[in-house]
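Chemist: Take a look at data-v4.pdb, PDB, C-alpha atoms:
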ATOM      1  CA  MET U   1       0.798  -6.697 -29.386
ATOM      2  CA  GLN U   2      -1.436  -8.605 -26.997
ATOM      3  CA  ALA U   3      -0.712  -9.791 -23.494
ATOM      4  CA  ALA U   4      -2.116 -12.615 -21.415
ATOM      5  CA  TRP U   5      -1.808 -12.875 -17.653
ATOM      6  CA  PHE U   6      -1.474 -16.132 -15.759
ATOM      7  CA  ARG U   7      -1.648 -16.020 -11.971
ATOM      8  CA  TRP U   8      -0.740 -18.889  -9.697
ATOM      9  CA  SER U   9      -0.826 -19.743  -6.044
ATOM     10  CA  ALA U  10       0.147 -22.656  -3.829
ATOM     11  CA  SER U  11      -3.213 -24.308  -4.573
ATOM     12  CA  CYS U  12      -2.685 -24.517  -8.346
ATOM     13  CA  SER U  13      -1.473 -27.675 -10.011
ATOM     14  CA  PHE U  14       1.631 -25.986 -11.409
ATOM     15  CA  LYS U  15       4.117 -23.493 -10.132
ATOM     16  CA  LEU U  16       6.623 -21.293 -11.896
ATOM     17  CA  SER U  17       9.573 -20.126  -9.848
ATOM     18  CA  LEU U  18      11.834 -17.232 -10.756
ATOM     19  CA  ALA U  19      14.880 -16.774  -8.587
ATOM     20  CA  ILE U  20      16.301 -13.273  -8.492
ATOM     21  CA  SER U  21      19.321 -12.741  -6.351
ATOM     22  CA  GLY U  22      21.265  -9.757  -5.190
ATOM     23  CA  SER U  23      23.728  -8.993  -2.478
ATOM     24  CA  ALA U  24      22.959  -6.852   0.524
ATOM     25  CA  LYS U  25      25.516  -4.400   1.859
ATOM     26  CA  SER U  26      27.183  -5.569   5.005
ATOM     27  CA  ILE U  27      26.315  -3.619   8.150
ATOM     28  CA  SER U  28      27.498  -3.975  11.731
ATOM     29  CA  GLY U  29      25.418  -4.501  14.857
ATOM     30  CA  THR U  30      22.219  -6.470  15.153
ATOM     31  CA  ALA U  31      20.429  -5.274  12.016
ATOM     32  CA  GLY U  32      19.821  -7.454   8.987
ATOM     33  CA  GLY U  33      20.701  -6.209   5.518
ATOM     34  CA  GLY U  34      17.934  -5.401   3.054
ATOM     35  CA  GLY U  35      17.261  -7.999   0.386
ATOM     36  CA  GLY U  36      18.636  -7.401  -3.081
ATOM     37  CA  GLY U  37      16.180  -6.440  -5.808
ATOM     38  CA  ALA U  38      16.385  -7.328  -9.486
ATOM     39  CA  SER U  39      18.326  -4.145 -10.323
ATOM     40  CA  GLU U  40      19.873  -2.903  -7.075
ATOM     41  CA  ALA U  41      21.615  -4.392  -4.056
ATOM     42  CA  GLY U  42      19.892  -4.165  -0.690
ATOM     43  CA  GLY U  43      21.089  -1.342   1.544
ATOM     44  CA  THR U  44      21.950   0.967  -1.372
ATOM     45  CA  ASP U  45      19.392   3.700  -0.578
ATOM     46  CA  ALA U  46      19.627   3.340   3.215
ATOM     47  CA  ILE U  47      20.828   0.808   5.779
ATOM     48  CA  ARG U  48      18.364  -2.128   5.870
ATOM     49  CA  ALA U  49      16.398  -0.818   2.841
ATOM     50  CA  GLY U  50      15.407  -3.333   0.185
ATOM     51  CA  GLY U  51      16.929  -3.060  -3.287
ATOM     52  CA  ASP U  52      14.842  -1.824  -6.209
ATOM     53  CA  GLY U  53      13.319  -4.142  -8.769
ATOM     54  CA  VAL U  54      13.076  -3.681 -12.535
ATOM     55  CA  SER U  55      10.575  -1.509 -14.421
ATOM     56  CA  SER U  56       8.709  -3.071 -17.329
ATOM     57  CA  SER U  57       6.026  -1.675 -19.661
ATOM     58  CA  ILE U  58       4.930  -5.000 -21.171
ATOM     59  CA  THR U  59       1.363  -4.439 -19.924
ATOM     60  CA  GLY U  60       1.149  -0.951 -21.455
ATOM     61  CA  SER U  61       2.187   1.035 -18.382
ATOM     62  CA  ALA U  62       5.443   1.079 -16.448
ATOM     63  CA  VAL U  63       5.412  -1.182 -13.372
ATOM     64  CA  PHE U  64       8.292  -2.102 -11.058
ATOM     65  CA  ARG U  65       8.554  -5.758 -10.066
ATOM     66  CA  ALA U  66      10.884  -7.944  -7.960
ATOM     67  CA  GLY U  67      11.884  -5.416  -5.283
ATOM     68  CA  GLY U  68      13.824  -6.660  -2.262
ATOM     69  CA  GLY U  69      12.345  -6.758   1.239
ATOM     70  CA  SER U  70      13.894  -4.604   3.957
ATOM     71  CA  GLY U  71      16.051  -6.005   6.745
ATOM     72  CA  GLY U  72      14.852  -6.397  10.324
ATOM     73  CA  ASP U  73      16.572  -5.200  13.500
ATOM     74  CA  TYR U  74      16.834  -5.833  17.214
ATOM     75  CA  GLY U  75      16.256  -2.673  19.198
ATOM     76  CA  SER U  76      14.859  -0.502  16.411
ATOM     77  CA  THR U  77      11.517   1.275  16.550
ATOM     78  CA  ASP U  78      11.356   2.431  12.947
ATOM     79  CA  SER U  79      10.090   0.630   9.888
ATOM     80  CA  VAL U  80      12.284   0.722   6.787
ATOM     81  CA  PRO U  81      10.779   0.574   3.280
ATOM     82  CA  GLY U  82      11.225  -2.277   0.866
ATOM     83  CA  GLY U  83      12.578  -1.677  -2.623
ATOM     84  CA  ASP U  84      10.532  -0.310  -5.518
ATOM     85  CA  GLY U  85       8.781  -3.243  -7.110
ATOM     86  CA  GLY U  86       6.748  -4.639  -4.244
ATOM     87  CA  GLY U  87       9.392  -5.162  -1.561
ATOM     88  CA  GLY U  88       7.865  -5.418   1.924
ATOM     89  CA  ALA U  89       8.759  -2.989   4.710
ATOM     90  CA  SER U  90      10.229  -4.076   8.015
ATOM     91  CA  GLY U  91       7.947  -4.019  11.032
ATOM     92  CA  GLY U  92       7.929  -1.268  13.643
ATOM     93  CA  THR U  93       8.539  -1.942  17.356
ATOM     94  CA  ASN U  94       7.951  -5.652  18.079
ATOM     95  CA  GLU U  95       6.097  -6.147  14.790
ATOM     96  CA  ASN U  96       6.239  -8.766  12.077
ATOM     97  CA  GLY U  97       7.649  -7.723   8.715
ATOM     98  CA  PHE U  98       5.202  -6.724   5.995
ATOM     99  CA  ALA U  99       4.460  -8.915   2.993
ATOM    100  CA  GLY U 100       5.691  -8.109  -0.494
ATOM    101  CA  THR U 101       3.029  -6.758  -2.863
ATOM    102  CA  ALA U 102       0.876  -9.323  -4.687
ATOM    103  CA  ASN U 103       1.666  -9.993  -8.371
ATOM    104  CA  THR U 104       5.077  -8.302  -8.181
ATOM    105  CA  GLY U 105       7.311 -11.021  -6.748
ATOM    106  CA  GLY U 106       8.622  -8.546  -4.155
ATOM    107  CA  GLY U 107      10.413  -9.925  -1.086
ATOM    108  CA  GLY U 108       8.946  -9.808   2.416
ATOM    109  CA  GLY U 109      10.289  -7.385   5.024
ATOM    110  CA  GLY U 110      12.187  -8.420   8.139
ATOM    111  CA  SER U 111      10.764  -8.163  11.664
ATOM    112  CA  ASN U 112      11.855  -5.743  14.397
ATOM    113  CA  VAL U 113      12.041  -6.829  18.026
ATOM    114  CA  ASN U 114      12.964  -4.953  21.205
ATOM    115  CA  SER U 115      12.572  -7.767  23.718
ATOM    116  CA  ASN U 116      12.543 -11.541  23.945
ATOM    117  CA  THR U 117       9.591 -11.876  21.614
ATOM    118  CA  THR U 118       9.211 -13.989  18.516
ATOM    119  CA  ARG U 119       8.268 -12.225  15.301
ATOM    120  CA  SER U 120       8.247 -13.320  11.683
ATOM    121  CA  GLY U 121       9.423 -11.777   8.459
ATOM    122  CA  GLY U 122       6.759 -10.950   5.885
ATOM    123  CA  ASP U 123       5.804 -13.343   3.106
ATOM    124  CA  GLY U 124       7.103 -12.682  -0.370
ATOM    125  CA  GLY U 125       4.607 -11.290  -2.875
ATOM    126  CA  SER U 126       3.062 -13.667  -5.385
ATOM    127  CA  GLY U 127       4.429 -13.558  -8.892
ATOM    128  CA  ILE U 128       2.804 -13.087 -12.261
ATOM    129  CA  VAL U 129       3.583 -14.513 -15.683
ATOM    130  CA  ILE U 130       2.882 -12.236 -18.641
ATOM    131  CA  VAL U 131       2.969 -13.715 -22.123
ATOM    132  CA  ARG U 132       3.061 -11.355 -25.068
ATOM    133  CA  TRP U 133       2.700 -12.178 -28.772
ATOM    134  CA  ARG U 134       2.116 -10.448 -32.078
ATOM    135  CA  ALA U 135      -1.450 -10.613 -33.356
TER     136      ALA U 135
END
How does the structure come out when it is put into structure tokens?

Modeler:
Amino acid sequence: MQAAWFRWSASCSFKLSLAISGSAKSISGTAGGGGGGASEAGGTDAIRAGGDGVSSSITGSAVFRAGGGSGGDYGSTDSVPGGDGGGGASGGTNENGFAGTANTGGGGGGSNVNSNTTRSGGDGGSGIVIVRWRA
């Protein structure tokens, strides 16, 4: 088997979109739920944690992709991890969320604020297309 990798960005002339959805567990208060990953709902491992993605060995070694980003919070000082597969962590005190890992399609983490500040969630990680064929 052989594999070919095609990477894209916003500056390329084509774009491939893969929508992966999941449902976050509902939580009370001012915290946002973690984003669902390809194989697990957000909030499964911990409140606000991103859901795990899916493991694939198409490249010859096992790699998780499409992990969910963690949820942000108002009043929290701790960062919460994103899901396995490139999900971004939430920010710490008054920090922006962290971006998902490049070439995994992981979701960006939510921001944490403790005052009347404006913060942003992290960007989602870029994706990758892997084409495999028999030689």

Chemist: So which residues get picked by the PyMOL selection byres ((chain U and resi 106) around 12) here, written as JSON, numbers by chain?

Modeler: {"U": [18, 19, 20, 21, 35, 36, 37, 38, 50, 51, 52, 53, 54, 64, 65, 66, 67, 68, 69, 70, 81, 82, 83, 84, 85, 86, 87, 88, 89, 98, 99, 100, 101, 102, 103, 104, 105, 107, 108, 109, 122, 123, 124, 125, 126, 127, 128]}

Chemist: Output as JSON lines one row per residue of range 54-74 of chain U within 9 Å of range 113-119 of chain U: the closest atom pair and its distance in Å to one decimal place, counting only C-alpha atoms, sorted by chain and residue number ascending.

Modeler:
{"residue": "U:Gly72", "atom": "CA", "partner": "U:Val113", "partner_atom": "CA", "distance": 8.2}
{"residue": "U:Asp73", "atom": "CA", "partner": "U:Val113", "partner_atom": "CA", "distance": 6.6}
{"residue": "U:Tyr74", "atom": "CA", "partner": "U:Val113", "partner_atom": "CA", "distance": 5.0}

Chemist: Just the selected residues (C-alpha atoms), exported as a tab-separated table (two decimals), keeping the file's coordinate frame, please.

Modeler:
chain	number	residue	atom	x	y	z
U	72	GLY	CA	14.85	-6.40	10.32
U	73	ASP	CA	16.57	-5.20	13.50
U	74	TYR	CA	16.83	-5.83	17.21

Chemist: One decimal, Å: what's the distance from CA of Gly42 in chain U over to CA of Asn94 in chain U, could you say?

Modeler: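 The value is 22.3 Å.
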
Chemist: Measure the distance from CA of Ser90 in chain U to CA of Ser120 in chain U in Å and round it to one decimal.

Modeler: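 A separation of 10.1 Å between them.
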
Chemist: Rounded to one decimal, what separation in Å do you get between CA of Asp45 in chain U and CA of Ile58 in chain U?

Modeler: 26.6 Å

Chemist: With only C-alpha atoms as the basis for distance, which of U:Thr93, U:Ser61, U:Ser39, U:Ser55 is at the shortest distance from Val80 in chain U?

Modeler: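 Among the listed residues, the smallest separation from Val80 in chain U belongs to U:Thr93.
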
Chemist: Quick one: of U:Gly60, U:Gly71, U:Gly91, U:Gly110, who's nearest to Gly43 in chain U, counting all atoms listed in the file?

Modeler: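 Closest to Gly43 in chain U, using all atoms listed in the file: U:Gly71.
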
Chemist: Identify which of the residues U:Ile130, U:Gly97, U:Ala62, U:Gly75 lies closest to Ser111 in chain U, counting all atoms listed in the file when measuring atom-to-atom distances.

Modeler: U:Gly97

Chemist: Around all the atoms of range 97-102 of chain U listed in the file, draw an axis-aligned box and extend it by 6 Å on each of the six sides; I want its centre and edge lengths in Å to one decimal, as AutoDock Vina command-line options.

Modeler:
--center_x 4.3 --center_y -8.0 --center_z 2.0 --size_x 18.8 --size_y 14.6 --size_z 25.4

Chemist: Which residue gives the smallest distance to Gly121 in chain U among U:Val63, U:Asn96, U:Ala31, U:Arg134, with only C-alpha atoms counted?

Modeler: U:Asn96
